[in-house]
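Read the structure below first, then the notes.
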Amino acid sequence: MEVKVLFFGVLAEVSGTSIKHYENVRSLADLKLKIQDDFPEMFHYNFRFSVNNTITDDEHVLKAGDEIALLPPFAGG
Amino acid sequence: MEVKVLFFGVLAEVSGTSIKHYENVRSLADLKLKIQDDFPEMFHYNFRFSVNNTITDDEHVLKAGDEIALLPPFAGG
Amino acid sequence: MEDNYLISGPISQKIISEIILRIGRHKDAGGNMLFLGQVRADENEGKRVKAIEYSAYTEMVNAEAEKIKRTIFSEFDDVKSVEIIHSTGVVSTGEISLLVLVCSGHRQQAMQACSKTVELIKATLPVWKKEIYEDDSHTWS
Amino acid sequence: MEDNYLISGPISQKIISEIILRIGRHKDAGGNMLFLGQVRADENEGKRVKAIEYSAYTEMVNAEAEKIKRTIFSEFDDVKSVEIIHSTGVVSTGEISLLVLVCSGHRQQAMQACSKTVELIKATLPVWKKEIYEDDSHTWS
């Protein structure tokens, strides 16, 4: 199963990436490890995860087609 | 000595007057009596007095050329 | 008294736009709050308001509006400017009769100061309104 | 989701005017509060901001903005409408990047609801800003 991962704000800049697909990830915790392998520098920054537009935690079980986003602290306005 | 008296809002309507000059009035209390003679119906309404743009009380001593206004409750906005 | 705070008739879209352009003059004004008071089609004892006719004591309005601005500037140190415009004469329902713009460095003071300015206007500006109903009768309020 | 809450570039005078015209649609909206957030020429470690580049997670912005509107309508029964527009992309100092308009029957709820809407935008809309300085360096905030 494949999920789509979006990188925003400073995370898009430090990773040089705004979208990446990952396979065989069962939970956010799994996905986090894979992202950490690819972009270790990203983990110097503070961020949260959303799954399909809803902020969630590491225990969240993923399903095929989920859209995950890495969200630095919001700074609108 | 003469003073100028301005009538606003509902008081202009009930008196049919917006400006009137009065002579020989030493204080607001004096003036009030004269206005009451001219426009007794006005005193069914609630209002305050200003002298030269400042709200004041009956004891206020008047001088020639003062501008007195009869101010119903404000209703701006 | 440098400003005139009263305008004859409704506050038009053109005037509102001109006032809003003034925000850009303050490069340090991050938070800007505009209040627009509109004449409501209220119902009063079964009769519907079609317009309000405002009258005002012009000189005292100008003096009191200056006083309001001084109060706001002394209480809110982040506020850059305060604009106040009130209609006189007839303003129909759906038209604007009061404009307040507060430009401030940050949003909190913009909001508090705008709110306080409107309250002071209601409490201290010598303005009166005659509500005109659809049947052309009226009441003072 | 009927609306799009994001706009590319600064919020122009023309857009602001169009939004303000919507007040007249509500004949019962006596109190109308417009917040305009402007990009400030802030100084940061001796460097002056010349623009902010906003990025956003569009889908989630739209979902969260809808949620904000539902919250406001459920908490403020006098509110008739809530409009939210946020810029994406580059907005220079002195230009507007956030607009909130709350139309309400009376002023108190207009003010409270506008203030709460802006707070919820800051807290819940997935928007990020890159501050661009006059020397073209930048920082994220």
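So you can find residues: chains in the structure tokens are A, B, ... in the order shown, residues in each start at 1, and ligands are numbered from 1 in order.
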
Once chain B has been least-squares superposed onto chain A, matching all their Cα atoms in order, can you return it as a PDB file with N, CA, C and O atoms, in the first residue's frame?
ATOM      1  N   MET B   1       0.894  -1.235  -0.026  1.00  0.00           N
ATOM      2  CA  MET B   1       0.043  -0.041  -0.024  1.00  0.00           C
ATOM      3  C   MET B   1       0.904   1.224  -0.015  1.00  0.00           C
ATOM      4  O   MET B   1       1.984   1.266   0.558  1.00  0.00           O
ATOM      5  N   GLU B   2       0.373   2.259  -0.682  1.00  0.00           N
ATOM      6  CA  GLU B   2       1.154   3.479  -0.848  1.00  0.00           C
ATOM      7  C   GLU B   2       0.419   4.653  -0.227  1.00  0.00           C
ATOM      8  O   GLU B   2      -0.812   4.724  -0.298  1.00  0.00           O
ATOM      9  N   VAL B   3       1.193   5.549   0.392  1.00  0.00           N
ATOM     10  CA  VAL B   3       0.602   6.790   0.915  1.00  0.00           C
ATOM     11  C   VAL B   3       1.365   7.973   0.328  1.00  0.00           C
ATOM     12  O   VAL B   3       2.514   7.842  -0.120  1.00  0.00           O
ATOM     13  N   LYS B   4       0.685   9.126   0.344  1.00  0.00           N
ATOM     14  CA  LYS B   4       1.302  10.355  -0.191  1.00  0.00           C
ATOM     15  C   LYS B   4       1.704  11.226   0.992  1.00  0.00           C
ATOM     16  O   LYS B   4       0.914  11.417   1.915  1.00  0.00           O
ATOM     17  N   VAL B   5       2.918  11.761   0.950  1.00  0.00           N
ATOM     18  CA  VAL B   5       3.397  12.606   2.056  1.00  0.00           C
ATOM     19  C   VAL B   5       3.715  14.006   1.529  1.00  0.00           C
ATOM     20  O   VAL B   5       4.425  14.147   0.517  1.00  0.00           O
ATOM     21  N   LEU B   6       3.161  15.024   2.191  1.00  0.00           N
ATOM     22  CA  LEU B   6       3.386  16.422   1.787  1.00  0.00           C
ATOM     23  C   LEU B   6       4.266  17.119   2.830  1.00  0.00           C
ATOM     24  O   LEU B   6       4.081  16.924   4.037  1.00  0.00           O
ATOM     25  N   PHE B   7       5.199  17.930   2.358  1.00  0.00           N
ATOM     26  CA  PHE B   7       6.101  18.679   3.245  1.00  0.00           C
ATOM     27  C   PHE B   7       5.808  20.163   3.092  1.00  0.00           C
ATOM     28  O   PHE B   7       5.752  20.666   1.966  1.00  0.00           O
ATOM     29  N   PHE B   8       5.644  20.855   4.205  1.00  0.00           N
ATOM     30  CA  PHE B   8       5.291  22.284   4.132  1.00  0.00           C
ATOM     31  C   PHE B   8       6.308  23.174   4.835  1.00  0.00           C
ATOM     32  O   PHE B   8       7.056  22.729   5.703  1.00  0.00           O
ATOM     33  N   GLY B   9       6.247  24.447   4.462  1.00  0.00           N
ATOM     34  CA  GLY B   9       7.036  25.479   5.137  1.00  0.00           C
ATOM     35  C   GLY B   9       8.519  25.167   5.112  1.00  0.00           C
ATOM     36  O   GLY B   9       9.062  24.726   4.086  1.00  0.00           O
ATOM     37  N   VAL B  10       9.164  25.380   6.240  1.00  0.00           N
ATOM     38  CA  VAL B  10      10.600  25.176   6.324  1.00  0.00           C
ATOM     39  C   VAL B  10      10.978  23.730   5.992  1.00  0.00           C
ATOM     40  O   VAL B  10      12.074  23.468   5.494  1.00  0.00           O
ATOM     41  N   LEU B  11      10.070  22.780   6.207  1.00  0.00           N
ATOM     42  CA  LEU B  11      10.380  21.368   5.935  1.00  0.00           C
ATOM     43  C   LEU B  11      10.504  21.102   4.440  1.00  0.00           C
ATOM     44  O   LEU B  11      11.297  20.260   4.015  1.00  0.00           O
ATOM     45  N   ALA B  12       9.712  21.808   3.632  1.00  0.00           N
ATOM     46  CA  ALA B  12       9.848  21.690   2.179  1.00  0.00           C
ATOM     47  C   ALA B  12      11.203  22.241   1.756  1.00  0.00           C
ATOM     48  O   ALA B  12      11.880  21.688   0.883  1.00  0.00           O
ATOM     49  N   GLU B  13      11.615  23.328   2.425  1.00  0.00           N
ATOM     50  CA  GLU B  13      12.908  23.922   2.075  1.00  0.00           C
ATOM     51  C   GLU B  13      14.070  23.011   2.458  1.00  0.00           C
ATOM     52  O   GLU B  13      14.945  22.749   1.636  1.00  0.00           O
ATOM     53  N   VAL B  14      14.075  22.514   3.699  1.00  0.00           N
ATOM     54  CA  VAL B  14      15.243  21.721   4.123  1.00  0.00           C
ATOM     55  C   VAL B  14      15.305  20.370   3.410  1.00  0.00           C
ATOM     56  O   VAL B  14      16.397  19.837   3.192  1.00  0.00           O
ATOM     57  N   SER B  15      14.147  19.817   3.028  1.00  0.00           N
ATOM     58  CA  SER B  15      14.159  18.524   2.328  1.00  0.00           C
ATOM     59  C   SER B  15      14.305  18.687   0.827  1.00  0.00           C
ATOM     60  O   SER B  15      14.618  17.733   0.120  1.00  0.00           O
ATOM     61  N   GLY B  16      14.060  19.897   0.342  1.00  0.00           N
ATOM     62  CA  GLY B  16      14.062  20.111  -1.101  1.00  0.00           C
ATOM     63  C   GLY B  16      12.937  19.364  -1.808  1.00  0.00           C
ATOM     64  O   GLY B  16      12.973  19.118  -3.007  1.00  0.00           O
ATOM     65  N   THR B  17      11.899  18.996  -1.058  1.00  0.00           N
ATOM     66  CA  THR B  17      10.837  18.122  -1.566  1.00  0.00           C
ATOM     67  C   THR B  17       9.488  18.646  -1.077  1.00  0.00           C
ATOM     68  O   THR B  17       9.386  19.078   0.062  1.00  0.00           O
ATOM     69  N   SER B  18       8.477  18.590  -1.916  1.00  0.00           N
ATOM     70  CA  SER B  18       7.161  18.944  -1.385  1.00  0.00           C
ATOM     71  C   SER B  18       6.180  17.767  -1.385  1.00  0.00           C
ATOM     72  O   SER B  18       5.246  17.754  -0.606  1.00  0.00           O
ATOM     73  N   ILE B  19       6.407  16.772  -2.262  1.00  0.00           N
ATOM     74  CA  ILE B  19       5.575  15.570  -2.238  1.00  0.00           C
ATOM     75  C   ILE B  19       6.464  14.339  -2.390  1.00  0.00           C
ATOM     76  O   ILE B  19       7.396  14.338  -3.215  1.00  0.00           O
ATOM     77  N   LYS B  20       6.188  13.312  -1.645  1.00  0.00           N
ATOM     78  CA  LYS B  20       6.915  12.047  -1.821  1.00  0.00           C
ATOM     79  C   LYS B  20       5.973  10.900  -1.458  1.00  0.00           C
ATOM     80  O   LYS B  20       5.145  11.039  -0.568  1.00  0.00           O
ATOM     81  N   HIS B  21       6.065   9.812  -2.215  1.00  0.00           N
ATOM     82  CA  HIS B  21       5.227   8.650  -1.940  1.00  0.00           C
ATOM     83  C   HIS B  21       6.022   7.604  -1.167  1.00  0.00           C
ATOM     84  O   HIS B  21       7.202   7.399  -1.439  1.00  0.00           O
ATOM     85  N   TYR B  22       5.380   6.996  -0.186  1.00  0.00           N
ATOM     86  CA  TYR B  22       6.016   5.934   0.591  1.00  0.00           C
ATOM     87  C   TYR B  22       5.158   4.666   0.502  1.00  0.00           C
ATOM     88  O   TYR B  22       3.927   4.764   0.450  1.00  0.00           O
ATOM     89  N   GLU B  23       5.854   3.494   0.532  1.00  0.00           N
ATOM     90  CA  GLU B  23       5.133   2.215   0.485  1.00  0.00           C
ATOM     91  C   GLU B  23       5.360   1.430   1.769  1.00  0.00           C
ATOM     92  O   GLU B  23       6.342   1.666   2.485  1.00  0.00           O
ATOM     93  N   ASN B  24       4.437   0.513   2.045  1.00  0.00           N
ATOM     94  CA  ASN B  24       4.600  -0.399   3.184  1.00  0.00           C
ATOM     95  C   ASN B  24       4.805   0.321   4.516  1.00  0.00           C
ATOM     96  O   ASN B  24       5.771   0.066   5.230  1.00  0.00           O
ATOM     97  N   VAL B  25       3.930   1.239   4.793  1.00  0.00           N
ATOM     98  CA  VAL B  25       3.941   1.896   6.111  1.00  0.00           C
ATOM     99  C   VAL B  25       2.577   1.640   6.744  1.00  0.00           C
ATOM    100  O   VAL B  25       1.541   1.906   6.158  1.00  0.00           O
ATOM    101  N   ARG B  26       2.591   1.051   7.940  1.00  0.00           N
ATOM    102  CA  ARG B  26       1.333   0.658   8.592  1.00  0.00           C
ATOM    103  C   ARG B  26       0.813   1.744   9.514  1.00  0.00           C
ATOM    104  O   ARG B  26      -0.384   1.820   9.805  1.00  0.00           O
ATOM    105  N   SER B  27       1.755   2.531  10.030  1.00  0.00           N
ATOM    106  CA  SER B  27       1.327   3.552  11.002  1.00  0.00           C
ATOM    107  C   SER B  27       2.179   4.800  10.806  1.00  0.00           C
ATOM    108  O   SER B  27       3.206   4.773  10.105  1.00  0.00           O
ATOM    109  N   LEU B  28       1.795   5.889  11.444  1.00  0.00           N
ATOM    110  CA  LEU B  28       2.587   7.111  11.379  1.00  0.00           C
ATOM    111  C   LEU B  28       3.972   6.875  11.958  1.00  0.00           C
ATOM    112  O   LEU B  28       4.960   7.445  11.464  1.00  0.00           O
ATOM    113  N   ALA B  29       4.051   6.040  13.006  1.00  0.00           N
ATOM    114  CA  ALA B  29       5.355   5.756  13.618  1.00  0.00           C
ATOM    115  C   ALA B  29       6.293   5.123  12.582  1.00  0.00           C
ATOM    116  O   ALA B  29       7.456   5.539  12.445  1.00  0.00           O
ATOM    117  N   ASP B  30       5.788   4.118  11.812  1.00  0.00           N
ATOM    118  CA  ASP B  30       6.542   3.514  10.699  1.00  0.00           C
ATOM    119  C   ASP B  30       7.031   4.577   9.713  1.00  0.00           C
ATOM    120  O   ASP B  30       8.209   4.636   9.356  1.00  0.00           O
ATOM    121  N   LEU B  31       6.094   5.406   9.303  1.00  0.00           N
ATOM    122  CA  LEU B  31       6.387   6.420   8.284  1.00  0.00           C
ATOM    123  C   LEU B  31       7.480   7.366   8.786  1.00  0.00           C
ATOM    124  O   LEU B  31       8.395   7.736   8.044  1.00  0.00           O
ATOM    125  N   LYS B  32       7.367   7.742  10.046  1.00  0.00           N
ATOM    126  CA  LYS B  32       8.313   8.671  10.656  1.00  0.00           C
ATOM    127  C   LYS B  32       9.747   8.145  10.533  1.00  0.00           C
ATOM    128  O   LYS B  32      10.669   8.883  10.182  1.00  0.00           O
ATOM    129  N   LEU B  33       9.918   6.841  10.787  1.00  0.00           N
ATOM    130  CA  LEU B  33      11.253   6.245  10.690  1.00  0.00           C
ATOM    131  C   LEU B  33      11.799   6.344   9.271  1.00  0.00           C
ATOM    132  O   LEU B  33      12.964   6.679   9.052  1.00  0.00           O
ATOM    133  N   LYS B  34      10.907   6.075   8.304  1.00  0.00           N
ATOM    134  CA  LYS B  34      11.349   6.137   6.897  1.00  0.00           C
ATOM    135  C   LYS B  34      11.723   7.568   6.496  1.00  0.00           C
ATOM    136  O   LYS B  34      12.700   7.785   5.773  1.00  0.00           O
ATOM    137  N   ILE B  35      10.920   8.512   6.951  1.00  0.00           N
ATOM    138  CA  ILE B  35      11.223   9.911   6.605  1.00  0.00           C
ATOM    139  C   ILE B  35      12.543  10.327   7.263  1.00  0.00           C
ATOM    140  O   ILE B  35      13.365  11.021   6.663  1.00  0.00           O
ATOM    141  N   GLN B  36      12.735   9.850   8.481  1.00  0.00           N
ATOM    142  CA  GLN B  36      13.963  10.194   9.200  1.00  0.00           C
ATOM    143  C   GLN B  36      15.210   9.655   8.467  1.00  0.00           C
ATOM    144  O   GLN B  36      16.238  10.327   8.422  1.00  0.00           O
ATOM    145  N   ASP B  37      15.077   8.458   7.880  1.00  0.00           N
ATOM    146  CA  ASP B  37      16.181   7.923   7.069  1.00  0.00           C
ATOM    147  C   ASP B  37      16.483   8.839   5.884  1.00  0.00           C
ATOM    148  O   ASP B  37      17.641   9.118   5.583  1.00  0.00           O
ATOM    149  N   ASP B  38      15.406   9.267   5.209  1.00  0.00           N
ATOM    150  CA  ASP B  38      15.589  10.084   3.998  1.00  0.00           C
ATOM    151  C   ASP B  38      16.048  11.503   4.313  1.00  0.00           C
ATOM    152  O   ASP B  38      16.846  12.084   3.566  1.00  0.00           O
ATOM    153  N   PHE B  39      15.470  12.086   5.351  1.00  0.00           N
ATOM    154  CA  PHE B  39      15.715  13.513   5.629  1.00  0.00           C
ATOM    155  C   PHE B  39      16.024  13.735   7.114  1.00  0.00           C
ATOM    156  O   PHE B  39      15.237  14.348   7.832  1.00  0.00           O
ATOM    157  N   PRO B  40      17.153  13.251   7.573  1.00  0.00           N
ATOM    158  CA  PRO B  40      17.435  13.354   9.013  1.00  0.00           C
ATOM    159  C   PRO B  40      17.418  14.809   9.510  1.00  0.00           C
ATOM    160  O   PRO B  40      16.984  15.068  10.640  1.00  0.00           O
ATOM    161  N   GLU B  41      17.845  15.755   8.659  1.00  0.00           N
ATOM    162  CA  GLU B  41      17.933  17.169   9.084  1.00  0.00           C
ATOM    163  C   GLU B  41      16.557  17.755   9.429  1.00  0.00           C
ATOM    164  O   GLU B  41      16.442  18.708  10.176  1.00  0.00           O
ATOM    165  N   MET B  42      15.509  17.136   8.881  1.00  0.00           N
ATOM    166  CA  MET B  42      14.152  17.634   9.108  1.00  0.00           C
ATOM    167  C   MET B  42      13.756  17.524  10.578  1.00  0.00           C
ATOM    168  O   MET B  42      12.928  18.290  11.060  1.00  0.00           O
ATOM    169  N   PHE B  43      14.387  16.579  11.246  1.00  0.00           N
ATOM    170  CA  PHE B  43      13.969  16.312  12.619  1.00  0.00           C
ATOM    171  C   PHE B  43      14.606  17.258  13.644  1.00  0.00           C
ATOM    172  O   PHE B  43      14.391  17.122  14.833  1.00  0.00           O
ATOM    173  N   HIS B  44      15.338  18.244  13.144  1.00  0.00           N
ATOM    174  CA  HIS B  44      15.747  19.349  14.018  1.00  0.00           C
ATOM    175  C   HIS B  44      14.612  20.346  14.196  1.00  0.00           C
ATOM    176  O   HIS B  44      14.704  21.250  15.020  1.00  0.00           O
ATOM    177  N   TYR B  45      13.573  20.214  13.400  1.00  0.00           N
ATOM    178  CA  TYR B  45      12.463  21.176  13.438  1.00  0.00           C
ATOM    179  C   TYR B  45      11.254  20.576  14.138  1.00  0.00           C
ATOM    180  O   TYR B  45      11.092  19.351  14.184  1.00  0.00           O
ATOM    181  N   ASN B  46      10.459  21.452  14.650  1.00  0.00           N
ATOM    182  CA  ASN B  46       9.242  21.080  15.352  1.00  0.00           C
ATOM    183  C   ASN B  46       8.102  20.947  14.338  1.00  0.00           C
ATOM    184  O   ASN B  46       7.896  21.852  13.525  1.00  0.00           O
ATOM    185  N   PHE B  47       7.400  19.818  14.341  1.00  0.00           N
ATOM    186  CA  PHE B  47       6.237  19.719  13.439  1.00  0.00           C
ATOM    187  C   PHE B  47       5.252  18.668  13.930  1.00  0.00           C
ATOM    188  O   PHE B  47       5.587  17.838  14.791  1.00  0.00           O
ATOM    189  N   ARG B  48       4.039  18.723  13.387  1.00  0.00           N
ATOM    190  CA  ARG B  48       3.000  17.725  13.658  1.00  0.00           C
ATOM    191  C   ARG B  48       2.635  17.025  12.358  1.00  0.00           C
ATOM    192  O   ARG B  48       3.013  17.472  11.276  1.00  0.00           O
ATOM    193  N   PHE B  49       1.877  15.935  12.497  1.00  0.00           N
ATOM    194  CA  PHE B  49       1.383  15.212  11.321  1.00  0.00           C
ATOM    195  C   PHE B  49      -0.126  15.404  11.175  1.00  0.00           C
ATOM    196  O   PHE B  49      -0.854  15.431  12.181  1.00  0.00           O
ATOM    197  N   SER B  50      -0.581  15.503   9.921  1.00  0.00           N
ATOM    198  CA  SER B  50      -2.020  15.352   9.677  1.00  0.00           C
ATOM    199  C   SER B  50      -2.215  14.156   8.743  1.00  0.00           C
ATOM    200  O   SER B  50      -1.337  13.830   7.935  1.00  0.00           O
ATOM    201  N   VAL B  51      -3.354  13.485   8.902  1.00  0.00           N
ATOM    202  CA  VAL B  51      -3.755  12.432   7.962  1.00  0.00           C
ATOM    203  C   VAL B  51      -5.107  12.850   7.386  1.00  0.00           C
ATOM    204  O   VAL B  51      -6.049  13.084   8.148  1.00  0.00           O
ATOM    205  N   ASN B  52      -5.142  12.987   6.091  1.00  0.00           N
ATOM    206  CA  ASN B  52      -6.368  13.424   5.406  1.00  0.00           C
ATOM    207  C   ASN B  52      -6.983  14.662   6.069  1.00  0.00           C
ATOM    208  O   ASN B  52      -8.158  14.691   6.428  1.00  0.00           O
ATOM    209  N   ASN B  53      -6.128  15.667   6.275  1.00  0.00           N
ATOM    210  CA  ASN B  53      -6.519  16.995   6.779  1.00  0.00           C
ATOM    211  C   ASN B  53      -6.803  17.065   8.269  1.00  0.00           C
ATOM    212  O   ASN B  53      -7.275  18.104   8.745  1.00  0.00           O
ATOM    213  N   THR B  54      -6.564  15.972   9.002  1.00  0.00           N
ATOM    214  CA  THR B  54      -6.818  16.010  10.435  1.00  0.00           C
ATOM    215  C   THR B  54      -5.531  15.720  11.195  1.00  0.00           C
ATOM    216  O   THR B  54      -4.863  14.719  10.912  1.00  0.00           O
ATOM    217  N   ILE B  55      -5.196  16.590  12.135  1.00  0.00           N
ATOM    218  CA  ILE B  55      -3.962  16.391  12.908  1.00  0.00           C
ATOM    219  C   ILE B  55      -4.138  15.161  13.790  1.00  0.00           C
ATOM    220  O   ILE B  55      -5.200  14.954  14.386  1.00  0.00           O
ATOM    221  N   THR B  56      -3.096  14.334  13.852  1.00  0.00           N
ATOM    222  CA  THR B  56      -3.238  13.071  14.556  1.00  0.00           C
ATOM    223  C   THR B  56      -1.910  12.673  15.208  1.00  0.00           C
ATOM    224  O   THR B  56      -0.927  13.418  15.137  1.00  0.00           O
ATOM    225  N   ASP B  57      -1.869  11.496  15.863  1.00  0.00           N
ATOM    226  CA  ASP B  57      -0.665  11.108  16.600  1.00  0.00           C
ATOM    227  C   ASP B  57      -0.033   9.842  16.009  1.00  0.00           C
ATOM    228  O   ASP B  57      -0.551   9.242  15.066  1.00  0.00           O
ATOM    229  N   ASP B  58       1.094   9.454  16.580  1.00  0.00           N
ATOM    230  CA  ASP B  58       1.905   8.355  16.032  1.00  0.00           C
ATOM    231  C   ASP B  58       1.158   7.026  15.900  1.00  0.00           C
ATOM    232  O   ASP B  58       1.502   6.199  15.049  1.00  0.00           O
ATOM    233  N   GLU B  59       0.174   6.796  16.754  1.00  0.00           N
ATOM    234  CA  GLU B  59      -0.513   5.502  16.780  1.00  0.00           C
ATOM    235  C   GLU B  59      -1.421   5.306  15.571  1.00  0.00           C
ATOM    236  O   GLU B  59      -1.862   4.196  15.300  1.00  0.00           O
ATOM    237  N   HIS B  60      -1.699   6.383  14.884  1.00  0.00           N
ATOM    238  CA  HIS B  60      -2.644   6.343  13.773  1.00  0.00           C
ATOM    239  C   HIS B  60      -2.269   5.255  12.752  1.00  0.00           C
ATOM    240  O   HIS B  60      -1.159   5.214  12.248  1.00  0.00           O
ATOM    241  N   VAL B  61      -3.237   4.371  12.444  1.00  0.00           N
ATOM    242  CA  VAL B  61      -3.020   3.314  11.442  1.00  0.00           C
ATOM    243  C   VAL B  61      -3.315   3.892  10.056  1.00  0.00           C
ATOM    244  O   VAL B  61      -4.334   4.532   9.851  1.00  0.00           O
ATOM    245  N   LEU B  62      -2.402   3.652   9.130  1.00  0.00           N
ATOM    246  CA  LEU B  62      -2.553   4.214   7.780  1.00  0.00           C
ATOM    247  C   LEU B  62      -3.195   3.210   6.847  1.00  0.00           C
ATOM    248  O   LEU B  62      -3.058   2.001   7.015  1.00  0.00           O
ATOM    249  N   LYS B  63      -3.875   3.741   5.828  1.00  0.00           N
ATOM    250  CA  LYS B  63      -4.424   2.882   4.788  1.00  0.00           C
ATOM    251  C   LYS B  63      -4.003   3.425   3.414  1.00  0.00           C
ATOM    252  O   LYS B  63      -3.596   4.599   3.310  1.00  0.00           O
ATOM    253  N   ALA B  64      -4.104   2.577   2.408  1.00  0.00           N
ATOM    254  CA  ALA B  64      -3.668   2.977   1.073  1.00  0.00           C
ATOM    255  C   ALA B  64      -4.370   4.263   0.657  1.00  0.00           C
ATOM    256  O   ALA B  64      -5.564   4.433   0.888  1.00  0.00           O
ATOM    257  N   GLY B  65      -3.594   5.164   0.035  1.00  0.00           N
ATOM    258  CA  GLY B  65      -4.181   6.388  -0.483  1.00  0.00           C
ATOM    259  C   GLY B  65      -4.268   7.523   0.525  1.00  0.00           C
ATOM    260  O   GLY B  65      -4.665   8.635   0.166  1.00  0.00           O
ATOM    261  N   ASP B  66      -3.895   7.273   1.771  1.00  0.00           N
ATOM    262  CA  ASP B  66      -3.918   8.360   2.759  1.00  0.00           C
ATOM    263  C   ASP B  66      -2.993   9.496   2.337  1.00  0.00           C
ATOM    264  O   ASP B  66      -1.934   9.260   1.738  1.00  0.00           O
ATOM    265  N   GLU B  67      -3.419  10.720   2.689  1.00  0.00           N
ATOM    266  CA  GLU B  67      -2.558  11.876   2.448  1.00  0.00           C
ATOM    267  C   GLU B  67      -2.054  12.373   3.797  1.00  0.00           C
ATOM    268  O   GLU B  67      -2.842  12.819   4.631  1.00  0.00           O
ATOM    269  N   ILE B  68      -0.741  12.247   3.981  1.00  0.00           N
ATOM    270  CA  ILE B  68      -0.131  12.664   5.240  1.00  0.00           C
ATOM    271  C   ILE B  68       0.604  13.977   4.995  1.00  0.00           C
ATOM    272  O   ILE B  68       1.236  14.154   3.945  1.00  0.00           O
ATOM    273  N   ALA B  69       0.503  14.911   5.944  1.00  0.00           N
ATOM    274  CA  ALA B  69       1.261  16.154   5.799  1.00  0.00           C
ATOM    275  C   ALA B  69       2.095  16.410   7.038  1.00  0.00           C
ATOM    276  O   ALA B  69       1.674  16.103   8.149  1.00  0.00           O
ATOM    277  N   LEU B  70       3.289  16.950   6.819  1.00  0.00           N
ATOM    278  CA  LEU B  70       4.182  17.353   7.909  1.00  0.00           C
ATOM    279  C   LEU B  70       4.035  18.859   8.083  1.00  0.00           C
ATOM    280  O   LEU B  70       4.373  19.624   7.181  1.00  0.00           O
ATOM    281  N   LEU B  71       3.544  19.255   9.245  1.00  0.00           N
ATOM    282  CA  LEU B  71       3.097  20.638   9.452  1.00  0.00           C
ATOM    283  C   LEU B  71       3.942  21.351  10.508  1.00  0.00           C
ATOM    284  O   LEU B  71       3.789  21.097  11.702  1.00  0.00           O
ATOM    285  N   PRO B  72       4.816  22.258  10.105  1.00  0.00           N
ATOM    286  CA  PRO B  72       5.497  23.106  11.090  1.00  0.00           C
ATOM    287  C   PRO B  72       4.448  23.986  11.788  1.00  0.00           C
ATOM    288  O   PRO B  72       3.301  24.058  11.336  1.00  0.00           O
ATOM    289  N   PRO B  73       4.829  24.636  12.900  1.00  0.00           N
ATOM    290  CA  PRO B  73       3.861  25.505  13.583  1.00  0.00           C
ATOM    291  C   PRO B  73       3.236  26.518  12.614  1.00  0.00           C
ATOM    292  O   PRO B  73       3.935  27.102  11.785  1.00  0.00           O
ATOM    293  N   PHE B  74       1.917  26.687  12.732  1.00  0.00           N
ATOM    294  CA  PHE B  74       1.204  27.576  11.804  1.00  0.00           C
ATOM    295  C   PHE B  74       1.603  29.028  12.043  1.00  0.00           C
ATOM    296  O   PHE B  74       1.857  29.422  13.181  1.00  0.00           O
ATOM    297  N   ALA B  75       1.621  29.807  10.956  1.00  0.00           N
ATOM    298  CA  ALA B  75       2.023  31.214  11.083  1.00  0.00           C
ATOM    299  C   ALA B  75       1.218  32.084  10.124  1.00  0.00           C
ATOM    300  O   ALA B  75       1.756  32.948   9.437  1.00  0.00           O
ATOM    301  N   GLY B  76      -0.082  31.846  10.089  1.00  0.00           N
ATOM    302  CA  GLY B  76      -0.932  32.638   9.192  1.00  0.00           C
ATOM    303  C   GLY B  76      -1.173  34.039   9.714  1.00  0.00           C
ATOM    304  O   GLY B  76      -0.859  34.339  10.859  1.00  0.00           O
ATOM    305  N   GLY B  77      -1.745  34.884   8.845  1.00  0.00           N
ATOM    306  CA  GLY B  77      -2.153  36.227   9.265  1.00  0.00           C
ATOM    307  C   GLY B  77      -1.122  37.265   8.912  1.00  0.00           C
ATOM    308  O   GLY B  77      -0.060  36.954   8.433  1.00  0.00           O
TER     309      GLY B  77
END

Which residues in chain A does DSSP call alpha helix (DSSP H)? List them as an NGL selection string.
:A and (10-15 or 28-38)

Go through region 1-140 of chain C and collect every residue that DSSP, computed from the backbone, puts in strand (DSSP E); the answer should be as a PyMOL selection string.
chain C and resi 6-8+31-38+43-44+47-56+79-92+96-104+127-133+138-140

What are the closest atom pairs, with distances in Å to one decimal, for each residue of chain D lying within 8 Å of chain A, using only C-alpha atoms, rows by chain and rising residue number, as CSV?
residue,atom,partner,partner_atom,distance
D:Gly37,CA,A:Gly77,CA,6.3
D:Tyr54,CA,A:Gly76,CA,7.9
D:Ser55,CA,A:Gly9,CA,6.6
D:Ala56,CA,A:Phe8,CA,7.5
D:Tyr57,CA,A:Phe8,CA,7.5
D:Glu59,CA,A:Asn53,CA,7.2
D:Met60,CA,A:Asn53,CA,5.0
D:Ala63,CA,A:Asn53,CA,7.5
D:His86,CA,A:Gly77,CA,7.2
D:Ser97,CA,A:Gly77,CA,6.6
D:Leu98,CA,A:Gly77,CA,5.5
D:Val118,CA,A:Gly77,CA,8.0
D:Ile121,CA,A:Gly76,CA,6.9
D:Lys122,CA,A:Gly76,CA,5.3
D:Ala123,CA,A:Phe74,CA,6.8
D:Thr124,CA,A:Phe74,CA,7.1
D:Leu125,CA,A:Gly76,CA,6.6
D:Pro126,CA,A:Phe74,CA,5.4
D:Val127,CA,A:Gly76,CA,4.8
D:Trp128,CA,A:Ala75,CA,4.8
D:Lys129,CA,A:Ala75,CA,6.0
D:Lys130,CA,A:Gly9,CA,7.8
D:Trp140,CA,A:Val10,CA,6.2
D:Ser141,CA,A:Ala75,CA,6.5

Which residues, written as a PyMOL selection string, have at least one atom at most 12 Å from Thr71 (chain C), with only C-alpha atoms counted and residues fewer than 6 positions away on the same chain left out?
chain C and resi 64-65+77+79+82+113+116-117+120-121
